[in-house]
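Taking it in order: structure first as structure tokens, then the write-up.
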Amino acid sequence: MIHSPTLKKNPFVANHLWVKIYKLNKNEKKKIIVTWSRASTIIPTMISHMIAIHNGKDHLPIYITDHMVGHKLGEFVPTFNFRGHVKSDNRSSR
């Protein structure tokens with residue numbers, strides 16, 4: 001059986017995020033962590049922390065639960081708000 005090299009790799013977590021969570025867990029404190037790293041994977045040590053994730057404009061706080069483990073941080077913060085189609089738009093009816 002051939003194993004792919006991606007199974008041997010650890011999940012990506014930005015270094016600054018990893019250090020901040022480690023320090024908070026060590027001191028048993030709860031504090032909002034601000035990050036721009038939307039590509040970071042949620043790991044079990046992040047559970048019960050508030051992480052403010054950047055969506056391109058603001059930092060939106062997200063509470064990490066056990067169901068989120070394995071997903072990316074960017075999946076839980078939308079980057080745009082769809083406001084609907086313009087009613088005076090006649091191009092779509094052609």
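So you can find residues: chains in the structure tokens are A, B, ... in the order shown, residues in each start at 1, and ligands are numbered from 1 in order.
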
| Close residues, Asp66 in chain A itself excluded, 12 Å, only C-alpha atoms, min 5 positions apart in chain, as a list of chain:residue names |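 Contacts, with the query itself left out: A:Ile42, A:Ile43, A:Pro44, A:Thr45, A:Met46, A:Ile47, A:Ser48, A:His49, A:His71.
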
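The protein and nucleic acid residues lying at most 12 Å from Phe12 in chain A are Thr6, Lys9, Asn15, His16, Leu17, Trp18, Ser37, Arg38, Ala39, Ser40, Thr41, Ile42, Ile43, Gly70, His71, Lys72 and Leu73 of chain A, with only C-alpha atoms considered and sequence neighbours fewer than 3 positions away removed.
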
| query | Which distance in Å separates CA of Gly84 in chain A and CA of Pro61 in chain A, to one decimal? | reply | 25.4 Å

| Quick one, how far is CA of Lys20 in chain A from CA of Ile32 in chain A? | 10.1 Å

| task | Can you list, as a list in words, all residues belonging to chain A that DSSP tags as alpha helix (DSSP H)? | result |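 The alpha helix (DSSP H) residues within chain A come out as Asn15, His16, Leu17, Trp18, Val19, Lys20, Ile21, Tyr22, Lys23, Leu24, Asn25, Lys26 and Asn27 of chain A.
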
| query | Out of chain A, which residues get strand (DSSP E) from DSSP, as JSON, numbers by chain? | reply | {"A": [33, 34, 35, 50, 51, 52, 53, 54, 59, 60, 61, 62, 63]}

| field | Interatomic distance (Å, one decimal) between CA of His59 in chain A and CA of Val77 in chain A | value |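 That distance, rounded to one decimal, is 9.1 Å.
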
| field | Closest of A:Pro11, A:Val34, A:Phe82, A:Glu75 to Asp58 in chain A - atom-to-atom distances counting only C-alpha atoms | value |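 Closest to Asp58 in chain A, using only C-alpha atoms: A:Val34.
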